[in-house]
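Participant: What follows is a single structure, and I will ask about it in a moment.
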Amino acid sequence: MAASGFTPIRLYSTSTALAVPLAANLAAGELAINTNDGKLYFKNSSGVVTLIASTAAVPGTVQSVSVTTANGFAGTVATATTTPAITVSTTITGVLKGNGTAISAATSGTDYAPATSGTSILKGNGSGGFSNAASGTDYAPATSGTSILYGNGSGGFSNVTIGTNLTFSAGTLNATGGTGVTSFTAGTTGFTPSTATTGAVTLAGTLAVANGGTGLTTGTSGGILAYTATGTLASSALLAANDLMIGGGAGVAPSTTTTGTGVVTALGVNTGTAGAFVVNGGALGTPSSGTATNLTGLPLSTGVTGTLPVANGGTGITSFGTGVATWLGTPSSANLAAAVTDETGSGSLVFATSPTLVTPILGTPTSGTLSNCTVDGTDSVGFRNIPQNAQTGSYTMVLADSGKHIYHAVGAGAATYTIPANSSVAYAIGTAITFINLSTTSISIAITTDTMYLSSAGTTGTRTLAQYGSATAIKITSTTWLISGSGLT
């Protein structure tokens with residue numbers, strides 16, 4: 001019968017092997033049957049799912065059984081240590097009620113409404129008591145004495161269908177038949193299962209690396225694990241105090257190296273503080289010694305002190321004279337003149353090839369050539385003597401013969417001296433060339449395509465110069481010469 005404070009039994013089932021209901025799957029007092037395993041579970045008022053029946057034998061040995069008299073119950077136990085038979089009794093009569101700890105007699109009219117007949121089913125009336133439940137309205141009558149009722153969600157009850165491998169008789173639900181575990185495999189895990197097909201199945205062996213294990217059963221104390229070339233794990237040798245592990249590359253076991261004094265301590269110091277290793281981008285601090293051969297990015301204004309000597313590529317000086325830095329930055333003639341202190345003259349810097357000098361005072365040079373110089377801006381610089389070009393045979397004048405005398409020496413034979421055309425040798429206007437003949441043989445003075453006049457006579461052509469004669473030819477236009485002298489015809 002239904003009574004206040006009780007909830008009709010609900011039954012769930014599954015045919016999935018080894019499936020166990022979770023606490024979230026059941027409400028307190030509900031049943032769950034695994035038809036494959038032949039097991040019945042229920043959820044107690046503490047929210048724990050417990051196995052209450054199984055077709056498989058549950059191992060265990062009862063050592064002793066006793067019944068404590070408390071909370072309205074008493075009892076006796078026969079053969080307590082072998083095959084106990086427990087008899088529970090109570091001195092309470094009437095309808096029982098529980099207060100969460102003990103059982104006591106319920107008070108009619110207070111704790112419940114008295115049944116109107118001895119065959120009624122009571123239901124809560126919503127006023128703190130009970131009323132008779134109406135068959136067909138409040139509940140569905142059982143079709144037989146072996147039915148289990150469940151709340152049908154419409155304010156009444158319906159019959160529970162008993163599934164395969166279950167029987168319900170005389171108020172007892174039993175699991176029958178079914179098939180236990182027939183085989184079990186652990187796959188590639190490395191474990192080997194026992195041959196049990198019921199109860200507990202145990203696993204033995206070592207979990208493989210491929211399944212998240214190590215594949216090892218022992219290791220070296222103080223060593224570390226490392227993967228081998230085949231993908232298995234192996235334990236290294238003992239790592240001594242302050243050793244560091246050094247990788248050997250693919251397929252090579254790591255090795256150890258003993259660190260120097262203070263290395264391990266430095267590894268434990270925060271970067272940037274005293275005693276720590278210097279990392280990329282970190283502060284070097286103040287090293288006691290070192291070689292900076294390959295350093296870059298050194299701030300010259302704040303990171304370098306002292307004077308770099310000449311032997312190391314420096315200047316050996318600590319400062320520039322007045323104006324030197326300006327000239328180095330802008331190397332102009334004016335800035336150079338401002339930087340030096342013992343210069344003479346002014347103007348632009350002069351170099352050796354084709355310089356232009358403005359009113360220079362040369363002093364007394366030890367040597368020099370004034371071939372292209374003039375005396376007054378127009379006339380070339382002359383000689384205080386007439387340089388000599390001695391010849392003994394026919395000869396054509398060159399530009400260097402300007403201002404010289406051509407000497408035909410004693411004993412020389414006949415010869416012709418030719419003045420080249422302006423188109424071949426462009427003597428400057430005013431050029432004078434003198435001819436002197438001391439030979440017993442007369443010489444000829446000729447000109448090519450230009451014109452040479454004989455002084456006073458005005459005739460042109462080749463001239464003859466007798467022994468002891470001298471004659472001078474002067475260029476008066478670009479293609480005209482005038483010749484005069486003694487012994488000249």
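Each chain in the structure tokens gets a letter, A, B and so on, in the order shown; residues start at 1 in every chain, and ligands are counted from 1 in the order they appear.
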Leaving out Leu399 in chain A and any residue of its chain fewer than 3 positions from it, which residues lie within 9 Å of it when counting only C-alpha atoms, given as a ChimeraX atom specification?
Facilitator: /A:402,425-427
Participant: Could you write out the selected residues, including C-alpha atoms, as a PDB file, in the first residue's frame?
Facilitator:
ATOM      1  CA  SER A 402     110.681  77.694 -80.001  1.00  0.00           C
ATOM      2  CA  VAL A 425     103.013  72.305 -85.080  1.00  0.00           C
ATOM      3  CA  ALA A 426     101.099  75.349 -83.826  1.00  0.00           C
ATOM      4  CA  TYR A 427     103.868  77.660 -82.650  1.00  0.00           C
TER       5      TYR A 427
END
Participant: Extract, using only C-alpha atoms, all DNA, RNA and protein residues at most 9 Å from range 343-357 of chain A, discarding same-chain residues fewer than 5 positions from it, and format them as a tab-separated table (two decimals) with N, CA and C atoms, in the first residue's frame.
Facilitator:
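Below is the file result07.tsv, written as the result:
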chain	number	residue	atom	x	y	z
A	332	SER	N	85.94	71.61	-46.55
A	332	SER	CA	86.07	72.65	-47.57
A	332	SER	C	87.39	73.39	-47.37
A	333	SER	N	87.81	74.13	-48.40
A	333	SER	CA	89.05	74.91	-48.31
A	333	SER	C	88.96	75.95	-47.21
A	334	ALA	N	87.78	76.59	-47.09
A	334	ALA	CA	87.63	77.62	-46.07
A	334	ALA	C	87.74	77.01	-44.67
A	336	LEU	N	89.37	74.24	-43.89
A	336	LEU	CA	90.75	73.83	-43.67
A	336	LEU	C	91.60	75.03	-43.28
A	337	ALA	N	91.41	76.16	-43.96
A	337	ALA	CA	92.17	77.37	-43.63
A	337	ALA	C	91.89	77.80	-42.20
Participant: Just to confirm, what's the straight-line distance from CA of Phe435 in chain A to CA of Ser423 in chain A in Å (one decimal)?
Facilitator: 22.4 Å
Participant: Give me, please, the distance in Å between CA of Ile445 in chain A and CA of Thr480 in chain A, quoted to one decimal.
Facilitator: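 Separation of CA of Ile445 in chain A and CA of Thr480 in chain A: 14.6 Å.
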Participant: Check the smallest atom-to-atom distance from each of A:Ile103, A:Ala339, A:Leu40, A:Leu11 to Ala27 in chain A using only C-alpha atoms, then report the winner.
Facilitator: A:Leu11
Participant: Which residues are close to Ala400 in chain A, i.e. within 10 Å by only C-alpha atoms, leaving aside same-chain residues fewer than 4 positions away? Reply as a PyMOL selection string.
Facilitator: chain A and resi 371+389+404+427
Participant: What separation in Å, quoted to one decimal, exists between CA of Thr35 in chain A and CA of Ile9 in chain A?
Facilitator: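 It comes out at 18.2 Å.
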Participant: Find the spatial neighbours of range 407-422 of chain A, counting only C-alpha atoms, within a cut-off of 7 Å - ignore same-chain residues fewer than 4 positions away - and output them as a tab-separated table (two decimals) with N, CA and C atoms, in the first residue's frame.
Facilitator:
chain	number	residue	atom	x	y	z
A	388	GLN	N	120.53	76.07	-77.35
A	388	GLN	CA	121.04	75.51	-78.60
A	388	GLN	C	120.47	74.13	-78.85
A	389	ASN	N	120.18	73.87	-80.16
A	389	ASN	CA	119.82	72.54	-80.63
A	389	ASN	C	120.76	72.22	-81.77
A	390	ALA	N	121.85	71.46	-81.49
A	390	ALA	CA	122.89	71.19	-82.51
A	390	ALA	C	122.42	70.06	-83.40
A	391	GLN	N	122.54	70.25	-84.72
A	391	GLN	CA	122.16	69.26	-85.72
A	391	GLN	C	123.27	69.15	-86.75
A	392	THR	N	123.36	67.99	-87.44
A	392	THR	CA	124.38	67.77	-88.47
A	392	THR	C	123.77	67.35	-89.79
A	393	GLY	N	122.45	67.16	-89.82
A	393	GLY	CA	121.79	66.74	-91.04
A	393	GLY	C	120.42	67.39	-91.13
A	394	SER	N	119.70	67.07	-92.18
A	394	SER	CA	118.37	67.66	-92.37
A	394	SER	C	117.49	67.41	-91.14
A	395	TYR	N	116.64	68.42	-90.81
A	395	TYR	CA	115.90	68.36	-89.55
A	395	TYR	C	114.64	69.21	-89.69
A	396	THR	N	113.49	68.72	-89.16
A	396	THR	CA	112.24	69.47	-89.13
A	396	THR	C	111.99	69.95	-87.70
A	397	MET	N	111.69	71.25	-87.56
A	397	MET	CA	111.54	71.85	-86.25
A	397	MET	C	110.38	71.18	-85.48
A	426	ALA	N	101.68	74.01	-83.97
A	426	ALA	CA	101.10	75.35	-83.83
A	426	ALA	C	101.95	76.18	-82.89
A	427	TYR	N	103.05	76.75	-83.46
A	427	TYR	CA	103.87	77.66	-82.65
A	427	TYR	C	103.03	78.88	-82.28
A	435	PHE	N	118.95	80.30	-86.79
A	435	PHE	CA	119.75	79.30	-87.49
A	435	PHE	C	121.18	79.83	-87.60
A	436	ILE	N	122.22	79.02	-87.28
A	436	ILE	CA	123.63	79.39	-87.36
A	436	ILE	C	124.36	78.28	-88.10
A	437	ASN	N	125.15	78.68	-89.13
A	437	ASN	CA	125.86	77.70	-89.95
A	437	ASN	C	127.36	78.00	-89.89
A	438	LEU	N	128.16	77.06	-89.31
A	438	LEU	CA	129.62	77.18	-89.30
A	438	LEU	C	130.28	76.17	-90.24
A	439	SER	N	129.43	75.40	-90.92
A	439	SER	CA	129.96	74.42	-91.85
A	439	SER	C	130.40	75.11	-93.15
A	441	THR	N	129.70	74.06	-95.91
A	441	THR	CA	128.63	73.81	-96.87
A	441	THR	C	127.41	74.64	-96.50
A	442	SER	N	126.78	75.28	-97.45
A	442	SER	CA	125.59	76.07	-97.19
A	442	SER	C	124.43	75.14	-96.80
A	443	ILE	N	123.51	75.71	-96.03
A	443	ILE	CA	122.33	74.93	-95.62
A	443	ILE	C	121.08	75.62	-96.15
A	444	SER	N	119.98	74.85	-96.27
A	444	SER	CA	118.72	75.41	-96.75
A	444	SER	C	117.75	75.54	-95.57
A	445	ILE	N	116.98	76.65	-95.58
A	445	ILE	CA	115.93	76.87	-94.57
A	445	ILE	C	114.62	76.89	-95.34
A	446	ALA	N	113.75	75.89	-95.10
A	446	ALA	CA	112.51	75.75	-95.89
A	446	ALA	C	111.30	75.83	-94.96
A	447	ILE	N	110.16	75.95	-95.58
A	447	ILE	CA	108.88	75.95	-94.86
A	447	ILE	C	107.92	75.08	-95.68
A	448	THR	N	106.96	74.45	-95.02
A	448	THR	CA	106.06	73.53	-95.75
A	448	THR	C	104.96	74.31	-96.44
A	449	THR	N	103.72	74.26	-95.96
A	449	THR	CA	102.60	74.89	-96.67
A	449	THR	C	102.37	76.32	-96.24
A	450	ASP	N	102.97	76.74	-95.13
A	450	ASP	CA	102.80	78.14	-94.73
A	450	ASP	C	103.74	79.03	-95.55
A	478	SER	N	99.40	83.16	-87.88
A	478	SER	CA	99.33	81.72	-87.67
A	478	SER	C	99.98	80.93	-88.80
A	479	THR	N	100.07	81.54	-90.01
A	479	THR	CA	100.66	80.82	-91.16
A	479	THR	C	101.73	81.64	-91.87
Participant: Contacts of Ser235 in chain A at 8 Å or less, counting only C-alpha atoms, minus same-chain residues fewer than 5 places along, as a list of chain:residue names?
Facilitator: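 That gives A:Gly219, A:Thr220, A:Gly223, A:Ile224, A:Leu225, A:Ala226.
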Participant: Would you pick out the contacts of Thr91 in chain A at 10 Å or less, using only C-alpha atoms, so that residues sharing its chain but fewer than 4 positions from it are not included, and give the list as an MDAnalysis selection string?
Facilitator: chainID A and resid 72:74 104:105
